[in-house]
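Shown here: entry03.txt, compact mmCIF, C-alpha atoms.
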# COMPACT_ATOMS: atom_id res chain seq x y z
CA MET A 37 7.43 -0.54 -11.58
CA GLU A 38 10.27 -1.04 -9.15
CA SER A 39 12.85 -3.79 -9.54
CA PHE A 40 12.86 -6.84 -7.31
CA LYS A 41 16.09 -5.58 -5.76
CA GLU A 42 14.54 -2.18 -5.00
CA LEU A 43 11.55 -3.85 -3.35
CA ILE A 44 13.78 -5.95 -1.07
CA GLN A 45 15.86 -2.85 -0.22
CA THR A 46 12.63 -1.06 0.74
CA TYR A 47 11.82 -3.78 3.27
CA LYS A 48 15.38 -3.79 4.58
CA ARG A 49 15.32 0.01 5.00
CA GLN A 50 11.83 0.22 6.57
CA ASP A 51 12.00 -2.67 9.03
CA PRO A 52 14.70 -2.58 11.72
CA ALA A 53 14.06 -6.29 12.36
CA ALA A 54 15.11 -7.23 8.80
CA ARG A 55 18.65 -8.56 9.08
CA THR A 56 19.48 -9.79 5.59
CA HIS A 57 18.15 -9.64 2.06
CA LEU A 58 17.71 -13.42 2.18
CA GLU A 59 15.59 -13.16 5.33
CA VAL A 60 13.35 -10.57 3.67
CA PHE A 61 13.05 -12.71 0.54
CA LEU A 62 12.13 -15.86 2.45
CA THR A 63 9.96 -14.57 5.29
CA TYR A 64 8.15 -11.31 4.45
CA PRO A 65 4.56 -11.89 3.28
CA GLY A 66 4.15 -8.23 2.27
CA LEU A 67 6.98 -8.64 -0.22
CA TRP A 68 5.35 -11.72 -1.73
CA ALA A 69 1.90 -10.13 -1.80
CA THR A 70 3.39 -7.23 -3.77
CA ILE A 71 5.20 -9.55 -6.19
CA TYR A 72 2.03 -11.59 -6.84
CA TYR A 73 0.04 -8.35 -7.17
CA ARG A 74 2.44 -7.14 -9.90
CA ILE A 75 1.91 -10.38 -11.83
CA ALA A 76 -1.88 -10.28 -11.36
CA HIS A 77 -2.05 -6.59 -12.31
CA PHE A 78 -0.11 -7.27 -15.51
CA LEU A 79 -2.57 -10.04 -16.41
CA PHE A 80 -5.54 -7.81 -15.47
CA LYS A 81 -4.30 -5.05 -17.80
CA LYS A 82 -3.95 -7.65 -20.59
CA ASN A 83 -7.67 -8.44 -20.08
CA LEU A 84 -6.86 -11.88 -18.60
CA LYS A 85 -9.08 -11.03 -15.65
CA LEU A 86 -9.96 -14.56 -14.52
CA LEU A 87 -6.30 -15.60 -14.51
CA ALA A 88 -5.43 -12.39 -12.66
CA ARG A 89 -8.05 -13.15 -9.99
CA ILE A 90 -6.72 -16.72 -9.65
CA VAL A 91 -3.20 -15.36 -9.04
CA SER A 92 -4.48 -12.81 -6.50
CA THR A 93 -6.55 -15.47 -4.69
CA PHE A 94 -3.50 -17.74 -4.52
CA ALA A 95 -1.48 -14.82 -3.08
CA ARG A 96 -4.19 -14.19 -0.46
CA PHE A 97 -4.07 -17.86 0.50
CA LEU A 98 -0.26 -17.71 0.91
CA THR A 99 0.07 -14.31 2.58
CA GLY A 100 -3.24 -13.35 4.19
CA ILE A 101 -3.13 -10.13 2.15
CA GLU A 102 -5.87 -9.49 -0.42
CA ILE A 103 -5.01 -7.09 -3.24
CA HIS A 104 -7.41 -6.88 -6.16
CA PRO A 105 -5.46 -7.04 -9.44
CA GLY A 106 -7.29 -3.95 -10.72
CA ALA A 107 -5.84 -1.73 -7.96
CA VAL A 108 -3.06 0.65 -8.97
CA ILE A 109 -0.05 0.61 -6.65
CA GLY A 110 3.02 2.84 -6.90
CA LYS A 111 6.64 2.04 -6.13
CA ARG A 112 8.13 0.83 -2.86
CA LEU A 113 4.94 -0.18 -1.05
CA PHE A 114 5.96 -1.44 2.39
CA ILE A 115 3.53 -3.85 4.02
CA ASP A 116 4.55 -4.69 7.58
CA HIS A 117 3.07 -7.88 9.04
CA GLY A 118 0.21 -7.61 6.55
CA MET A 119 -2.31 -10.17 7.74
CA GLY A 120 -5.84 -9.06 6.98
CA ILE A 121 -5.04 -6.24 4.56
CA VAL A 122 -7.70 -5.72 1.86
CA ILE A 123 -7.14 -3.43 -1.13
CA GLY A 124 -10.14 -2.98 -3.43
CA GLU A 125 -10.33 -2.96 -7.21
CA THR A 126 -10.36 0.80 -7.83
CA ALA A 127 -7.94 1.72 -5.03
CA GLU A 128 -4.93 3.81 -6.00
CA ILE A 129 -1.79 3.90 -3.84
CA GLY A 130 1.11 6.30 -4.39
CA ASP A 131 4.84 5.72 -3.97
CA ASP A 132 6.56 5.02 -0.64
CA VAL A 133 3.43 4.10 1.30
CA GLN A 134 3.73 2.19 4.59
CA MET A 135 0.84 -0.07 5.50
CA PHE A 136 0.36 -2.23 8.58
CA HIS A 137 -1.80 -5.26 9.28
CA GLY A 138 -5.56 -5.09 9.13
CA VAL A 139 -5.78 -2.07 6.79
CA THR A 140 -8.82 -1.96 4.50
CA LEU A 141 -9.07 0.22 1.41
CA GLY A 142 -12.68 -0.65 0.71
CA GLY A 143 -15.87 0.42 -0.99
CA ARG A 144 -19.22 1.38 0.48
CA GLY A 145 -21.39 -1.22 -1.22
CA ASN A 146 -22.71 -1.76 -4.71
CA GLU A 147 -21.41 1.48 -6.22
CA THR A 148 -19.95 1.41 -9.72
CA GLY A 149 -16.98 3.30 -11.13
CA LYS A 150 -14.31 4.68 -8.79
CA ARG A 151 -15.41 3.36 -5.41
CA HIS A 152 -12.21 2.79 -3.44
CA PRO A 153 -9.72 5.22 -1.84
CA THR A 154 -6.83 7.09 -3.39
CA ILE A 155 -3.76 7.17 -1.15
CA GLY A 156 -1.06 9.77 -1.84
CA HIS A 157 2.73 9.42 -1.72
CA HIS A 158 4.65 8.93 1.55
CA VAL A 159 1.53 7.99 3.54
CA LEU A 160 1.52 5.91 6.74
CA LEU A 161 -1.55 3.74 7.33
CA SER A 162 -1.23 2.29 10.85
CA ALA A 163 -2.68 -1.02 12.01
CA HIS A 164 -6.39 -1.64 11.39
CA VAL A 165 -7.04 1.63 9.56
CA GLN A 166 -10.23 1.51 7.50
CA VAL A 167 -10.44 3.89 4.53
CA ILE A 168 -13.87 3.49 2.98
CA GLY A 169 -15.23 4.85 -0.29
CA ASN A 170 -13.92 7.17 -2.98
CA VAL A 171 -11.91 9.37 -0.62
CA THR A 172 -8.41 10.80 -0.97
CA ILE A 173 -5.61 10.84 1.59
CA GLY A 174 -3.03 13.50 0.74
CA ASP A 175 0.74 13.07 0.48
CA TYR A 176 2.88 12.94 3.64
CA THR A 177 -0.12 12.07 5.82
CA LYS A 178 -0.25 9.72 8.81
CA ILE A 179 -3.39 7.86 9.82
CA GLY A 180 -3.36 6.51 13.38
CA ALA A 181 -4.20 2.96 14.41
CA SER A 182 -7.82 1.84 14.08
CA ALA A 183 -8.94 5.13 12.50
CA VAL A 184 -11.94 5.06 10.18
CA VAL A 185 -11.54 7.46 7.26
CA LEU A 186 -14.82 8.38 5.54
CA LYS A 187 -13.87 11.74 4.01
CA ASP A 188 -10.84 13.29 2.32
CA ILE A 189 -7.76 13.92 4.48
CA PRO A 190 -5.42 16.72 3.29
CA THR A 191 -1.68 16.63 2.72
CA GLY A 192 0.77 16.62 5.62
CA VAL A 193 -1.51 15.93 8.58
CA THR A 194 -2.00 13.26 11.22
CA ALA A 195 -5.55 11.95 11.64
CA VAL A 196 -6.90 9.57 14.28
CA GLY A 197 -10.20 8.30 15.61
CA ILE A 198 -13.62 7.09 14.53
CA PRO A 199 -14.38 8.91 12.34
CA ALA A 200 -10.87 10.15 11.62
CA GLN A 201 -10.17 13.71 12.75
CA ILE A 202 -7.06 15.80 12.12
CA VAL A 203 -4.99 16.17 15.29
CA LYS A 204 -1.73 17.55 13.91
CA ARG A 205 -0.69 19.63 10.93
CA ALA A 206 2.97 19.22 10.06
CA PRO A 207 4.60 21.86 7.89
CA ILE A 208 6.04 20.17 4.85
CA ILE A 209 9.45 21.57 4.12
CA SER A 210 9.74 21.91 0.36
CA SER A 211 13.47 21.14 0.37
CA GLU A 212 12.78 17.77 2.05
CA ILE A 213 10.23 16.93 -0.61
CA ARG A 214 12.65 17.87 -3.39
CA GLU A 215 15.38 15.68 -1.83
CA GLU A 216 13.04 12.68 -1.63
CA GLU A 217 11.93 13.20 -5.24
CA LYS A 218 15.59 13.25 -6.37
CA SER A 219 16.38 10.02 -4.54
CA GLY A 220 13.07 8.32 -5.49
So, in terms of structure tokens, how does the structure I just supplied come out?
Amino acid sequence: MESFKELIQTYKRQDPAARTHLEVFLTYPGLWATIYYRIAHFLFKKNLKLLARIVSTFARFLTGIEIHPGAVIGKRLFIDHGMGIVIGETAEIGDDVQMFHGVTLGGRGNETGKRHPTIGHHVLLSAHVQVIGNVTIGDYTKIGASAVVLKDIPTGVTAVGIPAQIVKRAPIISSEIREEEKSG
């Protein structure tokens, strides 16, 4: 789990509108949703599930961002604006993911077991993206605004539309990946 300082630095680095660490601390709901999620997730793992859900509901009330405490979220999640984001119980999110308002990582109904998406590392989920069901989005992938993802999306592509279709395949330069892994 990242430190509080690292989380604030992530917001400062990702958002050109962020002027100071104090501004990020006081005014970024994505930061607070992540902090409350970390507390709720800790409680959830300790089998204090009701208390975890109370913390996550309080966070949703404060931030407009709903993250189930059972979800697994990597380091340096950046939530920009955030209002209306929903992250389901069995969702898994990798490191260095950028997520904008209105994103849903949801299930398809009354399924049991793994029923929410798995999001790789270094993924961009634009505004109002809906990723539904037990699907995987590969590392270094971009999903365009308002796309609906119903099937797996491979590594290093850009997908848009309803349903989401691949429109661009970007070659991933292995040296760039190694550099990011060293600094991450």
Please identify all polymer residues within 8 Å of A:Glu125, counting all atoms listed in the file, omitting same-chain residues fewer than 3 positions from it, and present them as a ChimeraX atom specification.
/A:103-107,152
Using all atoms listed in the file, tabulate the residues of stretch 120-157 of chain A lying at most 12 Å from any atom of stretch 48-65 of chain A, each with its closest atom pair and that distance in Å to one decimal, by chain and increasing residue number, as JSON lines.
{"residue": "A:Gly120", "atom": "CA", "partner": "A:Pro65", "partner_atom": "CA", "distance": 11.4}
{"residue": "A:Ile121", "atom": "CA", "partner": "A:Pro65", "partner_atom": "CA", "distance": 11.2}
{"residue": "A:Asp132", "atom": "CA", "partner": "A:Gln50", "partner_atom": "CA", "distance": 10.1}
{"residue": "A:Val133", "atom": "CA", "partner": "A:Gln50", "partner_atom": "CA", "distance": 10.6}
{"residue": "A:Gln134", "atom": "CA", "partner": "A:Gln50", "partner_atom": "CA", "distance": 8.6}
{"residue": "A:Met135", "atom": "CA", "partner": "A:Gln50", "partner_atom": "CA", "distance": 11.0}
{"residue": "A:Phe136", "atom": "CA", "partner": "A:Asp51", "partner_atom": "CA", "distance": 11.7}
{"residue": "A:His137", "atom": "CA", "partner": "A:Pro65", "partner_atom": "CA", "distance": 11.0}
Spatial neighbours of A:Val203, 9 Å, all atoms listed in the file, chain gap at least 3 places, as a ChimeraX atom specification
/A:193-196
So that I have them on file, write out the residues from the current selection with C-alpha atoms, as a CSV table (one decimal), in the frame of the given file.
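File result15.csv, as written:
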chain,number,residue,atom,x,y,z
A,193,VAL,CA,-1.5,15.9,8.6
A,194,THR,CA,-2.0,13.3,11.2
A,195,ALA,CA,-5.6,12.0,11.6
A,196,VAL,CA,-6.9,9.6,14.3
Select all residues near (0.8, -11.6, -8.3) (cut-off 9 Å, inclusive, file coordinates), counting only C-alpha atoms, and output them as a count of residues only.
19
Write out as an NGL selection string each polymer residue whose atoms come within 6 Å of A:Gly169, counting all atoms listed in the file; drop sequence neighbours fewer than 4 positions from it.
:A and (143-144 or 151-153)
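Minimum atom-to-atom distance to A:Leu67, evaluated using only C-alpha atoms, belongs to A:Thr99 out of A:Thr177, A:Ser182, A:Thr126, A:Thr99.
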Once you count only C-alpha atoms, what closest atom pair and distance in Å to one decimal does each residue of stretch 148-179 of chain A within 12 Å of stretch 198-201 of chain A have, with rows by chain and rising residue number, as CSV?
residue,atom,partner,partner_atom,distance
A:His164,CA,A:Ile198,CA,11.8
A:Val165,CA,A:Ala200,CA,9.6
A:Gln166,CA,A:Ala200,CA,9.6
A:Val167,CA,A:Ala200,CA,9.5
A:Ile168,CA,A:Pro199,CA,10.8
A:Ile173,CA,A:Ala200,CA,11.3
A:Lys178,CA,A:Ala200,CA,11.0
A:Ile179,CA,A:Ala200,CA,8.0
Nearest to A:Thr140 among A:Ala163, A:Ile155, A:Val185, A:Ile123, with distances taken over all atoms listed in the file: which residue is it?
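Nearest to A:Thr140: A:Ile123.
The coordinates place atom CA of A:Thr191 at 26.4 Å from atom CA of A:Gln45.
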Separation of atom CA of A:Asp131 from atom CA of A:Gly100 in Å
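If I compute the distance from atom CA of A:Gly100 to atom CA of A:Asp131, I get 22.3 Å.
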Atom pair atom CA of A:Leu98 + atom CA of A:Val122, distance 14.1 Å
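Among the candidates A:Leu186, A:Val171, A:Ile44, A:Leu160, the residue lying nearest to A:Ala127 is A:Val171 (atoms considered: all atoms listed in the file).
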One residue among A:Ile129, A:Met119, A:Ala206, A:Ile189 is nearest to A:Gly66 when using all atoms listed in the file, and that residue is A:Met119
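For the residues A:Ser39, A:Thr154, A:Asn83, A:Thr148, ranking by smallest atom-to-atom distance to A:Glu128 using all atoms listed in the file places A:Thr154 first.
By only C-alpha atoms, and with residues fewer than 2 positions from A:Gly130 along its chain excluded, the set lying at most 10 Å from it is Val108, Ile109, Gly110, Lys111, Arg112, Leu113, Glu128, Asp132, Val133, Thr154, Ile155, Gly156, His157, His158, Val159, Gly174 and Asp175 of chain A.
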Of the listed residues A:Lys41, A:Arg205, A:Lys150, A:Lys81, that which approaches A:Pro190 most closely, counting all atoms listed in the file
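The shortest atom-to-atom distance to A:Pro190 comes from A:Arg205.
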